[in-house]
Each structure stands twice: as structure tokens, then as C-alpha cells.
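*Asks:* Structure file structure03.csv, CSV, C-alpha atoms and all ligand atoms, is pasted below:
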chain,number,residue,atom,x,y,z
A,953,MET,CA,0.0,0.0,0.0
A,954,GLU,CA,2.0,2.9,-1.3
A,955,GLN,CA,-0.5,5.6,-1.5
A,956,LYS,CA,-2.2,7.1,1.6
A,957,THR,CA,-5.5,5.5,2.0
A,958,ASP,CA,-8.8,6.8,3.4
A,959,LEU,CA,-9.5,3.9,5.7
A,960,LYS,CA,-12.5,5.6,7.3
A,961,SER,CA,-14.3,5.5,4.0
A,962,MET,CA,-13.9,1.7,3.7
A,963,THR,CA,-16.5,-0.9,4.4
A,964,LEU,CA,-15.5,-3.7,6.7
A,965,PRO,CA,-14.6,-6.2,3.9
A,966,GLU,CA,-12.5,-3.6,2.2
A,967,LEU,CA,-10.8,-2.7,5.4
A,968,SER,CA,-10.1,-6.4,6.0
A,969,GLU,CA,-8.3,-6.5,2.6
A,970,ALA,CA,-6.3,-3.3,3.4
A,971,VAL,CA,-5.3,-4.7,6.8
A,972,ALA,CA,-4.2,-8.0,5.2
A,973,ALA,CA,-2.2,-6.1,2.6
A,974,MET,CA,-0.4,-4.4,5.5
A,975,GLY,CA,0.6,-7.8,6.8
A,976,GLU,CA,-1.8,-7.8,9.8
A,977,LYS,CA,-4.2,-10.5,11.0
A,978,SER,CA,-7.7,-10.0,9.6
A,979,PHE,CA,-9.5,-9.7,13.0
A,980,ARG,CA,-7.6,-6.4,13.4
A,981,ALA,CA,-9.9,-4.9,10.8
A,982,GLY,CA,-12.9,-5.4,13.0
A,983,GLN,CA,-11.2,-3.7,15.9
A,984,LEU,CA,-10.1,-0.8,13.8
A,985,PHE,CA,-13.6,-0.4,12.3
A,986,GLN,CA,-15.1,-0.3,15.8
A,987,TRP,CA,-12.6,2.3,17.0
A,988,MET,CA,-13.3,4.5,14.0
A,989,HIS,CA,-17.0,4.1,13.7
A,990,GLN,CA,-18.4,3.2,17.1
A,991,LYS,CA,-16.0,4.5,19.7
A,992,LEU,CA,-15.3,7.5,17.4
A,993,ALA,CA,-11.5,7.5,18.2
A,994,GLU,CA,-9.8,10.7,17.0
A,995,ASP,CA,-6.4,9.2,16.9
A,996,TYR,CA,-4.7,5.8,16.3
A,997,GLU,CA,-3.0,6.3,19.7
A,998,GLU,CA,-6.3,5.8,21.4
A,999,MET,CA,-6.7,2.3,19.9
A,1000,THR,CA,-4.9,0.6,22.7
A,1001,ASN,CA,-5.8,-3.0,21.8
A,1002,LEU,CA,-3.9,-2.6,18.5
A,1003,PRO,CA,-0.2,-3.3,18.5
A,1004,LYS,CA,2.0,-0.2,18.6
A,1005,SER,CA,3.8,-1.2,15.4
A,1006,PHE,CA,0.4,-1.5,13.6
A,1007,ARG,CA,-0.7,1.9,14.9
A,1008,LYS,CA,2.5,3.4,13.5
A,1009,LYS,CA,2.0,1.8,10.1
A,1010,LEU,CA,-1.6,3.1,10.1
A,1011,GLU,CA,-0.5,6.6,10.8
A,1012,GLU,CA,2.0,6.5,8.0
A,1013,GLN,CA,0.0,4.7,5.4
A,1014,GLY,CA,-3.6,5.8,6.2
A,1015,PRO,CA,-3.8,8.8,8.4
A,1016,LEU,CA,-7.3,9.2,9.9
A,1017,THR,CA,-9.5,11.7,8.1
A,1018,ARG,CA,-10.4,14.5,10.5
A,1019,LEU,CA,-12.4,17.7,10.4
A,1020,THR,CA,-11.3,20.7,12.4
A,1021,LEU,CA,-13.8,22.8,14.2
A,1022,VAL,CA,-13.7,26.4,12.9
A,1023,GLU,CA,-16.8,27.8,14.6
A,1024,ARG,CA,-19.7,26.6,16.7
A,1025,LEU,CA,-22.8,28.7,17.1
A,1026,VAL,CA,-25.5,27.8,19.6
A,1027,SER,CA,-29.0,29.2,19.1
A,1028,ARG,CA,-30.5,30.8,22.2
A,1029,LEU,CA,-33.9,30.3,20.8
A,1030,ASP,CA,-34.1,26.5,20.4
A,1031,GLY,CA,-30.8,24.9,21.1
A,1032,THR,CA,-30.0,24.4,17.4
A,1033,GLU,CA,-26.2,24.4,16.8
A,1034,LYS,CA,-24.4,25.3,13.6
A,1035,TYR,CA,-20.9,24.1,12.9
A,1036,LEU,CA,-18.3,25.2,10.5
A,1037,PHE,CA,-15.7,22.5,9.9
A,1038,ALA,CA,-12.4,22.7,7.9
A,1039,LEU,CA,-11.7,19.7,5.7
A,1040,PRO,CA,-8.2,18.3,5.5
A,1041,ASP,CA,-7.5,20.4,2.3
A,1042,GLY,CA,-8.7,23.6,4.0
A,1043,ASN,CA,-12.1,23.9,2.4
A,1044,VAL,CA,-14.9,24.7,4.9
A,1045,ILE,CA,-18.3,23.2,5.2
A,1046,GLU,CA,-21.2,23.6,7.5
A,1047,SER,CA,-23.4,21.1,9.5
A,1048,VAL,CA,-26.3,21.7,11.8
A,1049,LEU,CA,-27.5,19.9,14.9
A,1050,MET,CA,-31.2,20.1,15.7
A,1051,ARG,CA,-32.7,18.9,19.0
A,1052,TYR,CA,-36.1,17.4,18.7
A,1053,ARG,CA,-38.2,15.5,21.2
A,1054,HIS,CA,-37.6,12.3,19.2
A,1055,GLY,CA,-33.8,12.8,19.2
A,1056,ASN,CA,-30.9,14.7,17.9
A,1057,SER,CA,-30.8,15.2,14.2
A,1058,VAL,CA,-27.7,16.3,12.2
A,1059,CYS,CA,-28.0,18.0,8.8
A,1060,ILE,CA,-24.8,17.3,6.8
A,1061,SER,CA,-23.2,18.8,3.7
A,1062,THR,CA,-22.5,16.4,0.9
A,1063,GLN,CA,-20.4,18.7,-1.3
A,1064,ALA,CA,-18.3,21.8,-0.8
A,1065,GLY,CA,-20.4,24.2,-2.8
A,1066,CYS,CA,-23.0,23.0,-5.3
A,1067,ARG,CA,-23.6,23.3,-9.1
A,1068,MET,CA,-27.3,23.0,-9.2
A,1069,GLY,CA,-27.9,26.8,-9.2
A,1070,CYS,CA,-31.3,27.0,-7.4
A,1071,ARG,CA,-32.1,30.7,-7.4
A,1072,PHE,CA,-33.1,31.1,-3.7
A,1073,CYS,CA,-30.2,29.1,-2.3
A,1074,ALA,CA,-27.0,30.5,-0.8
A,1075,SER,CA,-25.0,27.2,-1.1
A,1076,THR,CA,-24.8,27.3,-4.9
A,1077,LEU,CA,-23.7,30.9,-5.3
A,1078,GLY,CA,-20.0,30.1,-5.6
A,1079,GLY,CA,-20.5,26.9,-7.6
A,1080,LEU,CA,-19.2,23.5,-6.8
A,1081,VAL,CA,-15.7,23.2,-5.3
A,1082,ARG,CA,-15.6,19.4,-4.8
A,1083,ASN,CA,-17.5,16.3,-3.7
A,1084,LEU,CA,-17.1,15.2,-0.1
A,1085,LEU,CA,-15.7,11.8,0.7
A,1086,PRO,CA,-17.7,9.3,2.8
A,1087,SER,CA,-15.3,9.8,5.7
A,1088,GLU,CA,-15.9,13.6,5.5
A,1089,MET,CA,-19.6,13.2,5.7
A,1090,LEU,CA,-19.3,10.7,8.6
A,1091,GLU,CA,-17.0,13.0,10.5
A,1092,GLN,CA,-19.6,15.8,10.5
A,1093,VAL,CA,-21.8,13.4,12.6
A,1094,TYR,CA,-19.0,12.0,14.6
A,1095,GLN,CA,-17.5,15.4,15.5
A,1096,ILE,CA,-20.9,16.7,16.6
A,1097,GLN,CA,-21.5,13.6,18.8
A,1098,ARG,CA,-18.0,14.0,20.3
A,1099,ILE,CA,-18.5,17.7,21.0
A,1100,THR,CA,-22.0,17.5,22.5
A,1101,LYS,CA,-21.5,14.0,24.0
A,1102,GLU,CA,-25.1,13.4,23.0
A,1103,ARG,CA,-26.2,10.5,20.7
A,1104,VAL,CA,-27.2,11.5,17.1
A,1105,SER,CA,-30.2,9.4,16.1
A,1106,HIS,CA,-31.4,11.1,13.0
A,1107,LEU,CA,-29.7,12.4,9.8
A,1108,VAL,CA,-30.8,14.6,7.0
A,1109,ALA,CA,-28.7,15.3,3.9
A,1110,MET,CA,-30.0,18.8,3.4
A,1111,GLY,CA,-26.9,20.9,3.9
A,1112,THR,CA,-24.7,22.3,1.2
A,1113,GLY,CA,-24.6,20.2,-2.0
A,1114,GLU,CA,-26.7,17.9,-4.1
A,1115,PRO,CA,-26.4,14.4,-2.5
A,1116,LEU,CA,-27.3,12.6,-5.7
A,1117,ASP,CA,-24.7,14.5,-7.6
A,1118,ASN,CA,-22.2,12.7,-5.3
A,1119,TYR,CA,-24.1,9.5,-5.5
A,1120,ASP,CA,-21.5,6.8,-4.9
A,1121,ASN,CA,-19.9,8.6,-1.9
A,1122,VAL,CA,-23.3,9.3,-0.4
A,1123,LEU,CA,-24.4,5.7,-0.7
A,1124,ARG,CA,-21.2,4.4,0.9
A,1125,PHE,CA,-21.6,7.0,3.6
A,1126,LEU,CA,-25.1,5.8,4.3
A,1127,SER,CA,-24.0,2.2,4.5
A,1128,LEU,CA,-21.3,3.0,7.0
A,1129,LEU,CA,-23.6,5.2,9.1
A,1130,THR,CA,-26.2,2.5,9.4
A,1131,ASP,CA,-23.7,-0.3,9.9
A,1132,GLU,CA,-24.5,-2.3,13.0
A,1133,LYS,CA,-20.8,-2.2,13.9
A,1134,GLY,CA,-20.8,1.6,13.6
A,1135,LEU,CA,-23.2,4.3,14.9
A,1136,HIS,CA,-26.0,2.1,13.6
A,1137,ILE,CA,-28.4,4.9,12.8
A,1138,SER,CA,-31.7,3.5,11.6
A,1139,GLN,CA,-32.4,3.9,7.9
A,1140,ARG,CA,-35.8,5.1,8.8
A,1141,ASN,CA,-34.3,8.0,10.6
A,1142,ILE,CA,-32.5,9.2,7.5
A,1143,THR,CA,-33.7,11.7,4.8
A,1144,VAL,CA,-31.9,12.4,1.6
A,1145,SER,CA,-33.0,15.5,-0.2
A,1146,THR,CA,-32.6,16.1,-3.9
A,1147,CYS,CA,-33.4,18.8,-6.4
A,1148,GLY,CA,-34.6,15.9,-8.7
A,1149,LEU,CA,-31.9,14.1,-10.7
A,1150,VAL,CA,-34.2,11.5,-12.3
A,1151,GLU,CA,-31.8,8.7,-13.2
A,1152,LYS,CA,-30.2,8.9,-9.7
A,1153,ILE,CA,-33.6,8.8,-8.0
A,1154,ARG,CA,-34.4,5.6,-9.9
A,1155,SER,CA,-31.0,4.1,-9.0
A,1156,LEU,CA,-31.6,4.9,-5.4
A,1157,ALA,CA,-35.0,3.3,-5.5
A,1158,LYS,CA,-33.4,0.1,-6.7
A,1159,GLU,CA,-31.2,0.0,-3.6
A,1160,LYS,CA,-34.4,-0.5,-1.7
A,1161,LEU,CA,-33.2,1.3,1.4
A,1162,GLN,CA,-35.7,2.4,4.0
A,1163,ILE,CA,-34.6,6.0,3.9
A,1164,THR,CA,-36.9,8.9,3.2
A,1165,LEU,CA,-36.5,10.6,-0.2
A,1166,ALA,CA,-37.3,14.3,-0.1
A,1167,LEU,CA,-37.8,16.0,-3.4
A,1168,SER,CA,-37.3,19.8,-3.7
A,1169,LEU,CA,-40.4,20.6,-5.7
A,1170,HIS,CA,-40.9,24.3,-5.1
A,1171,ALA,CA,-43.3,24.8,-8.0
A,1172,SER,CA,-46.5,23.3,-9.4
A,1173,SER,CA,-45.6,23.6,-13.0
A,1174,GLN,CA,-42.7,23.0,-15.3
A,1175,GLU,CA,-42.5,26.7,-16.3
A,1176,LYS,CA,-42.5,28.0,-12.8
A,1177,ARG,CA,-40.0,25.4,-11.7
A,1178,LYS,CA,-37.6,26.5,-14.4
A,1179,LYS,CA,-37.7,30.1,-12.9
A,1180,LEU,CA,-36.5,28.8,-9.5
A,1181,MET,CA,-34.4,25.7,-10.4
A,1182,PRO,CA,-32.2,25.5,-13.4
A,1183,VAL,CA,-32.2,21.7,-13.0
A,1184,ALA,CA,-35.8,21.9,-14.4
A,1185,TYR,CA,-34.3,22.7,-17.9
A,1186,LYS,CA,-32.8,19.2,-17.8
A,1187,TYR,CA,-35.7,17.2,-16.4
A,1188,GLU,CA,-39.5,17.5,-17.1
A,1189,LEU,CA,-41.6,17.8,-14.0
A,1190,GLU,CA,-43.6,14.7,-15.0
A,1191,ASP,CA,-40.5,12.6,-15.2
A,1192,VAL,CA,-39.3,13.8,-11.8
A,1193,LEU,CA,-42.7,12.9,-10.3
A,1194,ASP,CA,-42.7,9.5,-12.1
A,1195,ALA,CA,-39.3,8.8,-10.5
A,1196,CYS,CA,-40.8,9.6,-7.1
A,1197,ARG,CA,-43.7,7.2,-7.8
A,1198,TYR,CA,-41.2,4.6,-8.7
A,1199,TYR,CA,-39.3,5.3,-5.5
A,1200,PHE,CA,-42.4,4.6,-3.5
A,1201,ARG,CA,-43.3,1.5,-5.4
A,1202,GLU,CA,-39.8,0.0,-4.9
A,1203,THR,CA,-39.3,1.0,-1.3
A,1204,GLY,CA,-42.8,1.5,0.2
A,1205,ARG,CA,-41.5,4.8,1.6
A,1206,ARG,CA,-43.7,7.8,1.4
A,1207,VAL,CA,-41.9,10.6,-0.5
A,1208,THR,CA,-41.7,14.1,1.1
A,1209,PHE,CA,-42.1,17.2,-1.2
A,1210,GLU,CA,-40.3,20.3,-0.1
A,1211,TYR,CA,-42.0,23.5,-1.1
A,1212,SER,CA,-40.3,26.8,-0.2
A,1213,LEU,CA,-42.9,29.5,-0.4
A,1214,VAL,CA,-41.7,32.6,-2.2
A,1215,ALA,CA,-44.0,35.6,-2.0
A,1216,GLY,CA,-45.7,36.3,-5.3
A,1217,VAL,CA,-43.8,33.6,-7.1
A,1218,ASN,CA,-45.2,30.2,-6.1
A,1219,ASP,CA,-47.6,30.9,-3.2
A,1220,THR,CA,-51.0,31.8,-4.8
A,1221,SER,CA,-54.2,29.8,-4.3
A,1222,GLU,CA,-53.9,28.8,-7.9
A,1223,ASP,CA,-50.4,27.4,-7.2
A,1224,ALA,CA,-51.9,25.4,-4.3
A,1225,ARG,CA,-54.6,24.0,-6.5
A,1226,HIS,CA,-52.2,23.0,-9.2
A,1227,LEU,CA,-50.0,21.4,-6.7
A,1228,ALA,CA,-52.9,19.4,-5.3
A,1229,GLU,CA,-53.7,18.2,-8.8
A,1230,LEU,CA,-50.1,17.3,-9.6
A,1231,ILE,CA,-49.5,15.1,-6.6
A,1232,GLY,CA,-53.0,14.2,-5.5
A,1233,ASP,CA,-52.6,10.6,-6.6
A,1234,MET,CA,-49.4,10.0,-4.6
A,1235,ASN,CA,-48.7,8.7,-1.2
A,1236,CYS,CA,-46.7,11.7,0.0
A,1237,HIS,CA,-46.2,14.4,2.4
A,1238,VAL,CA,-45.6,18.1,1.7
A,1239,ASN,CA,-43.3,20.2,3.8
A,1240,LEU,CA,-43.9,23.9,3.4
A,1241,ILE,CA,-40.9,26.2,4.1
A,1242,PRO,CA,-41.2,29.9,4.2
A,1243,VAL,CA,-38.2,30.9,1.9
A,1244,ASN,CA,-35.3,32.1,3.9
A,1245,PRO,CA,-34.2,35.4,2.3
A,1246,ILE,CA,-30.5,35.6,1.2
A,1247,ALA,CA,-28.7,38.8,0.6
A,1248,GLU,CA,-27.9,38.1,-3.0
A,1249,ARG,CA,-31.5,37.7,-4.2
A,1250,ASP,CA,-34.7,39.6,-3.5
A,1251,PHE,CA,-37.0,36.7,-2.8
A,1252,ARG,CA,-39.2,37.2,0.2
A,1253,PRO,CA,-41.1,34.7,2.2
A,1254,SER,CA,-44.9,34.5,2.0
A,1255,ARG,CA,-46.9,36.1,4.8
A,1256,GLU,CA,-48.1,33.9,7.6
A,1257,ASP,CA,-51.8,34.1,6.5
A,1258,GLY,CA,-50.8,33.2,3.0
A,1259,ILE,CA,-48.9,30.2,4.2
A,1260,ALA,CA,-51.8,29.0,6.3
A,1261,ALA,CA,-54.2,29.4,3.3
A,1262,PHE,CA,-51.8,27.4,1.1
A,1263,LYS,CA,-51.7,24.7,3.7
A,1264,ASN,CA,-55.5,24.7,4.0
A,1265,LYS,CA,-56.0,24.3,0.3
A,1266,LEU,CA,-53.8,21.3,0.2
A,1267,GLU,CA,-55.5,19.7,3.2
A,1268,LYS,CA,-58.9,20.2,1.7
A,1269,ASN,CA,-57.5,18.0,-1.1
A,1270,ARG,CA,-56.5,15.4,1.5
A,1271,ILE,CA,-52.8,16.0,1.1
A,1272,ASN,CA,-50.6,15.6,4.1
A,1273,VAL,CA,-48.9,18.8,4.9
A,1274,THR,CA,-46.7,20.4,7.6
A,1275,ILE,CA,-45.1,23.8,7.9
A,1276,ARG,CA,-41.5,23.4,8.7
A,1277,ARG,CA,-40.6,24.9,12.0
A,1278,GLU,CA,-37.8,27.4,11.5
A,1279,MET,CA,-34.8,26.6,13.7
A,1280,GLY,CA,-31.7,28.5,14.5
A,1281,ARG,CA,-32.9,31.8,13.0
A,1282,ASP,CA,-30.4,33.7,15.2
A,1283,ILE,CA,-27.4,31.7,13.9
A,1284,GLN,CA,-27.8,31.8,10.1
A,1285,GLY,CA,-29.7,28.6,10.1
A,1286,ALA,CA,-30.5,28.7,6.4
A,1287,CYS,CA,-28.7,26.6,3.8
A,1288,GLY,CA,-25.2,27.7,3.1
A,1289,GLN,CA,-25.3,31.1,4.7
A,1290,LEU,CA,-22.8,30.5,7.5
A,1291,ARG,CA,-20.2,29.1,5.1
A,1292,ARG,CA,-20.8,31.9,2.7
A,1293,SER,CA,-20.3,34.6,5.2
A,1294,TYR,CA,-17.2,32.9,6.4
A,1295,LEU,CA,-15.8,32.7,2.9
A,1296,SER,CA,-16.4,36.3,2.2
A,1297,LYS,CA,-15.0,37.4,5.5
A,1298,GLU,CA,-11.8,35.4,4.9
A,1299,GLY,CA,-11.5,36.4,1.3
A,1300,VAL,CA,-11.2,32.8,0.3
A,1301,PRO,CA,-11.5,32.2,-3.4
A,1302,GLU,CA,-14.4,30.1,-4.5
A,1303,ALA,CA,-14.9,27.8,-7.4
A,1304,GLY,CA,-15.6,29.4,-10.8
A,1305,GLN,CA,-19.0,29.4,-12.5
A,1306,SER,CA,-21.0,26.3,-11.9
A,1307,GLN,CA,-20.3,23.7,-14.5
A,1308,GLU,CA,-23.0,22.4,-16.7
A,1309,GLY,CA,-24.0,18.9,-15.6
B,1401,LIG,N1,-29.6,19.8,-3.0
B,1401,LIG,C1,-30.6,19.2,-2.2
B,1401,LIG,C2,-30.4,19.4,-0.7
B,1401,LIG,C3,-29.9,20.7,-0.2
B,1401,LIG,S1,-31.0,22.0,0.2
B,1401,LIG,C4,-31.9,19.6,-2.6
B,1401,LIG,O1,-32.0,20.5,-3.5
B,1401,LIG,O2,-32.9,19.1,-2.1
B,1401,LIG,C5,-32.3,21.4,1.3
B,1401,LIG,C6,-33.6,22.1,1.1
B,1401,LIG,O3,-33.6,23.5,1.4
B,1401,LIG,C7,-34.0,22.1,-0.4
B,1401,LIG,O4,-35.4,21.8,-0.5
B,1401,LIG,C8,-33.7,23.5,-0.9
B,1401,LIG,O5,-34.4,23.7,-2.1
B,1401,LIG,C9,-34.1,24.3,0.3
B,1401,LIG,N2,-33.6,25.6,0.3
B,1401,LIG,C10,-32.4,26.1,-0.1
B,1401,LIG,N3,-32.2,27.4,0.1
B,1401,LIG,C11,-33.4,27.8,0.7
B,1401,LIG,C12,-33.8,29.1,1.2
B,1401,LIG,N4,-33.1,30.2,1.1
B,1401,LIG,N5,-35.1,29.1,1.7
B,1401,LIG,C13,-35.8,28.0,1.8
B,1401,LIG,N6,-35.4,26.8,1.4
B,1401,LIG,C14,-34.2,26.7,0.8
Represent the structure from my file as C-alpha cells, please.
Ligand code: SAH
*Replies:*
Amino acid sequence: MEQKTDLKSMTLPELSEAVAAMGEKSFRAGQLFQWMHQKLAEDYEEMTNLPKSFRKKLEEQGPLTRLTLVERLVSRLDGTEKYLFALPDGNVIESVLMRYRHGNSVCISTQAGCRMGCRFCASTLGGLVRNLLPSEMLEQVYQIQRITKERVSHLVAMGTGEPLDNYDNVLRFLSLLTDEKGLHISQRNITVSTCGLVEKIRSLAKEKLQITLALSLHASSQEKRKKLMPVAYKYELEDVLDACRYYFRETGRRVTFEYSLVAGVNDTSEDARHLAELIGDMNCHVNLIPVNPIAERDFRPSREDGIAAFKNKLEKNRINVTIRREMGRDIQGACGQLRRSYLSKEGVPEAGQSQEG
């Protein structure tokens, strides 16, 4: 093993091979896996049941992937915590901890930056920098659990990045996160949110995981969706919804539709009626989110009475709907805002224009 290897991104069988290649007994792989993914060791030095010589070899050939805490903001309103972490190459990403009655939920980033270009989203303004490795996604959860000393029981992939644009790494991350020899988070407590990459939704369906798929819908017609989400130029709304129906058929999991309400853009009673027609046949749930204004765009959230009316209209059509409770308003809770303000403060260069996918 010449090259430095990211051992924390390996499944147990892969780790066993790597350990064998290093000339160690195969049961060492199980011990190493447990130290990394269950005991959340930060250093090989902590792994005291591994021989010293092996630990030295590990440090030389496969140093542990770590994230460095840059900033931690704790909301005084609801206990939500926002984290800025530095990746080994110096890029910064953000993660959020939300405390609910049902447990602690971490919202992770799957990419540094994003190339999807949604008009209302701060995460995409600087384009895509790079995909995160499985170990870098895991470490967001592990670091938060180490720092708070509280168990993380739920996970949402709703931070910066498009999870299905980093498909292989995200799948590997999910498999490690749910591994019974790791943190063993239940698949049912995991939500992956996508702007709607049709082929990838279909591939994910075939995996037959018990995770929740959240689709960022945000509009009730193809034309309106194009105005908010450039990805709609690539995929027809009907094809996106068909992929969601397929996801439900394959997994039996009810799909969540996220709908960020933007005043005067997608929040009229006609929009609500269209939406009800569009998804009325589906076993689904709608999550209404008052859009979080970002400095670079002049989108405003709908008024409270407008949101309630929109919700009523959907309910009258027997559609399941909730209004997302806003958390961490005092700590730049919205997508990508903390990272962005950090980047501009530090004068860190960002990626160039988002590439065409
Ligand atoms: N790329 C994925 C996940 C990241 S964003 C996706 O598109 O689903 C998580 C959710 O927050 C998405 O529904 C996204 O559209 C929404 N979102 C992004 N910026 C927002 C803002 N300023 N206000 C409200 N919702 C926003």
C-alpha cells in the first residue's frame, strides 16, 4: 500500500483487505472499524488494543480523516447548533444539529459548494468546489457527537450540496452510518433531499433502502420550476414525479415534497390548486418552508396568513402537509449562509462558475 488511503471510507470487507495487505491479522480490521465508527476515536494512539507497530503503520499509510472545528454557534432560541468545519484540504463546510423530542438530528453537507444553481439558495452561489468523501460526511456526525456527548439518532442530507450529484460517496456514507458495527443509525431516521436528478432517484429506489426521499419541488408547473431551479431545464416535472412514484413502489417509503414559499412567485391559491392536482394521486407528504431570504437575491417569504391558506387548500384536497418549523434563526440557520459569510470574511476564493451537468 504505497498511497495514503482513506481507511475511514472503507466498508469492513474492504478494510479487511487493506489490513491484510499491511501484513496484519484479519481480526484487526474489526477492531479498527469499531474504533473509527463506534468508539469514534480521533487518533490511532487511542486504539490501545492494536499493536504499537500496527498503529505506527496506520498513521504512515492511512492517516485518519479528521475535520477541524472552525466555529460553533448555539442558538439561544431553540438549542440548534451550527458548525463550520475545515476539511483536510482547508475547504470549509457547515453542518447543523437540531434537537427534537424524538432525538438529535444532524444536517450534513455532501459537497463543498453546489452546481445546481437554485435561485433562492446560498449554497450554490460560488459553484461546486468538490465532492465530499464518505469519511468527510461521517466526520460531521462524529464530531458533533464527540463535542456534544449526545447521541445522534437522525440524519438529513440537506446541507450544502446535491447528494445525488455525489451518488457513490453518499451511498457508501449511508452504508457506514447505518452499519451495526458503527453508529448504527436506523435507515428510517435518514432523509436524503434532492433537487430531482431523475436517473439517480431511480438508482436509489433500486437500492431498496428504508430511507426517506425528499424532493425539492418548489413549484407546481414546469414553467415556474424553471424560474427557480435550473435543473428543471434538464428534467421534465412529470419525469421527476414519475421517478418519485417509482421510489415509493420500490421501497414502500412515502416521499416528502419540499416546497419553499416565495411571496408572489409560487404561493398563490392557484399554485396550491395546481400542486394538489399534480401530486394528489401520490402517497406523499408536503413540507412547506417559508423561503429564507438571502442577501444576493430579492426573494421574500410569503406572509403567515398566505402560508396558512396554502396549507388549508392542500389539506382540503386530502394532502398531508406540515409547515417546517424554523430553527436557529439567530445563527444563520438557512442553507449555506454561514459558510458563505465565512468565505467572504476570509476572502477565500471560491470555485468558478458552476459547471453544466
Ligand atoms: N440539493 C438538495 C439538498 C440541499 S437543500 C436539494 O435540492 O434538495 C435542502 C432544502 O432547502 C431544499 O429543498 C432546498 O431547495 C431548500 N432551500 C435552499 N435554500 C433555501 C432558502 N433560502 N429558503 C428555503 N429553502 C431553501
*Asks:* Please tell me which residues are no farther than 12 Å from (-11.1, 2.8, 3.7) in the file, counting only C-alpha atoms, and write them as a PyMOL selection string.
*Replies:* chain A and resi 956-971+981+984-985+988-989+1010+1013-1017+1085-1088+1121+1124-1125+1128
*Asks:* Please give me, as a list in words, the residues lying within 7 Å of ligand LIG 1401 (chain B) when counting all atoms listed in the file.
*Replies:*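 The residues within 7 Å of ligand LIG 1401 (chain B), counting all atoms listed in the file, are Cys1070, Phe1072, Cys1073, Ala1074, Ala1109, Met1110, Gly1111, Thr1112, Gly1113, Glu1114, Pro1115, Ser1145, Thr1146, Cys1147, Ala1166, Leu1167, Ser1168, Glu1210, Tyr1211, Ser1212, Ile1241, Pro1242, Val1243, Asn1244, Pro1245, Ile1246, Ala1286 and Cys1287 of chain A.
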*Asks:* Can you write just those residues out, C-alpha atoms, as a compact mmCIF listing (two decimals), keeping the file's coordinate frame?
*Replies:*
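Writing the result to out-v8.txt gives the following:
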# COMPACT_ATOMS: atom_id res chain seq x y z
CA CYS A 1070 -31.30 27.00 -7.40
CA PHE A 1072 -33.10 31.10 -3.70
CA CYS A 1073 -30.20 29.10 -2.30
CA ALA A 1074 -27.00 30.50 -0.80
CA ALA A 1109 -28.70 15.30 3.90
CA MET A 1110 -30.00 18.80 3.40
CA GLY A 1111 -26.90 20.90 3.90
CA THR A 1112 -24.70 22.30 1.20
CA GLY A 1113 -24.60 20.20 -2.00
CA GLU A 1114 -26.70 17.90 -4.10
CA PRO A 1115 -26.40 14.40 -2.50
CA SER A 1145 -33.00 15.50 -0.20
CA THR A 1146 -32.60 16.10 -3.90
CA CYS A 1147 -33.40 18.80 -6.40
CA ALA A 1166 -37.30 14.30 -0.10
CA LEU A 1167 -37.80 16.00 -3.40
CA SER A 1168 -37.30 19.80 -3.70
CA GLU A 1210 -40.30 20.30 -0.10
CA TYR A 1211 -42.00 23.50 -1.10
CA SER A 1212 -40.30 26.80 -0.20
CA ILE A 1241 -40.90 26.20 4.10
CA PRO A 1242 -41.20 29.90 4.20
CA VAL A 1243 -38.20 30.90 1.90
CA ASN A 1244 -35.30 32.10 3.90
CA PRO A 1245 -34.20 35.40 2.30
CA ILE A 1246 -30.50 35.60 1.20
CA ALA A 1286 -30.50 28.70 6.40
CA CYS A 1287 -28.70 26.60 3.80
*Asks:* Of the candidates A:Ala1215, A:Leu1021, A:Gly975, A:Leu1116, which shows the shortest atom-to-atom distance to Lys1009 (chain A), using only C-alpha atoms?
*Replies:*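 Smallest separation from Lys1009 (chain A) among the options: A:Gly975.
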*Asks:* Residues within 12 Å of (-24.9, 29.2, 17.2), file coordinates, counting all atoms listed in the file: what are they? Give the list as a PyMOL selection string.
*Replies:* chain A and resi 1023-1036+1046-1050+1279-1285+1290
*Asks:* Give me the residues within 12 Å of His1054 (chain A) as a list in words, counting only C-alpha atoms and dropping any in the same chain fewer than 5 places off.
*Replies:*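 The residues satisfying every condition are Arg1103, Val1104, Ser1105, His1106 and Asn1141 of chain A.
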*Asks:* My list of candidates is A:Gln1289, A:Thr1164, A:Gln983, A:Ser1296. Which is closest to Ser1075 (chain A) when distances are computed with all atoms listed in the file?
*Replies:*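 Ranking A:Gln1289, A:Thr1164, A:Gln983, A:Ser1296 by distance to Ser1075 (chain A), first place goes to A:Gln1289.
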*Asks:* Mind giving me the straight-line distance from CA of Asn1056 (chain A) to CA of Gln1097 (chain A) in Å, one decimal?
*Replies:* 9.5 Å
*Asks:* Could you tell me how far CA of Ser1173 (chain A) sits from CA of Ala1260 (chain A), in Å to one decimal place?
*Replies:*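 Calculated distance between CA of Ala1260 (chain A) and CA of Ser1173 (chain A) is 21.0 Å.
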*Asks:* List as a ChimeraX atom specification the protein and nucleic acid residues near region 990-994 of chain A, meaning an atom at most 7 Å away when only C-alpha atoms are counted, but skip any in the same chain fewer than 5 places from it.
*Replies:* /A:1094,1133-1135
*Asks:* Between A:Val1022, A:Val1081, A:Ala1228, A:Ala1195, which residue has the minimum interatomic distance to Gly1148 (chain A), considering only C-alpha atoms?
*Replies:*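 Looking at the shortest contact to Gly1148 (chain A), the residue is A:Ala1195.
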*Asks:* Given the choices A:Leu1077, A:Leu1213, A:Leu1129, A:Leu1230, which gets closest to Phe1251 (chain A) if the distance is worked out from all atoms listed in the file?
*Replies:*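 Distance minimum relative to Phe1251 (chain A) lands on A:Leu1213.
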*Asks:* Smallest atom-to-atom distance to Glu1159 (chain A): which of A:Ala1171, A:Leu1123, A:Leu1193, A:Leu1180, using only C-alpha atoms?
*Replies:* A:Leu1123
*Asks:* Nearest to Lys1179 (chain A) among A:Arg1051, A:Lys1268, A:Arg1071, A:Arg1255, with distances taken over only C-alpha atoms: which residue is it?
*Replies:*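 Closest to Lys1179 (chain A) of all the choices is A:Arg1071.
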*Asks:* Near Arg1154 (chain A), within 12 Å and counting only C-alpha atoms, which residues show up once chain neighbours fewer than 4 positions away are dropped, as a ChimeraX atom specification?
*Replies:* /A:1116,1119,1148-1150,1158-1160,1165,1191-1203
*Asks:* Any idea what the distance is between CA of Arg1067 (chain A) and CA of Asp1117 (chain A)?
*Replies:* 9.0 Å
*Asks:* Do a neighbour search on Val1214 (chain A) at 6 Å with all atoms listed in the file, toss out local chain neighbours closer than 4 positions, and write the hits as an MDAnalysis selection string.
*Replies:* chainID A and resid 1218 1243 1252:1254
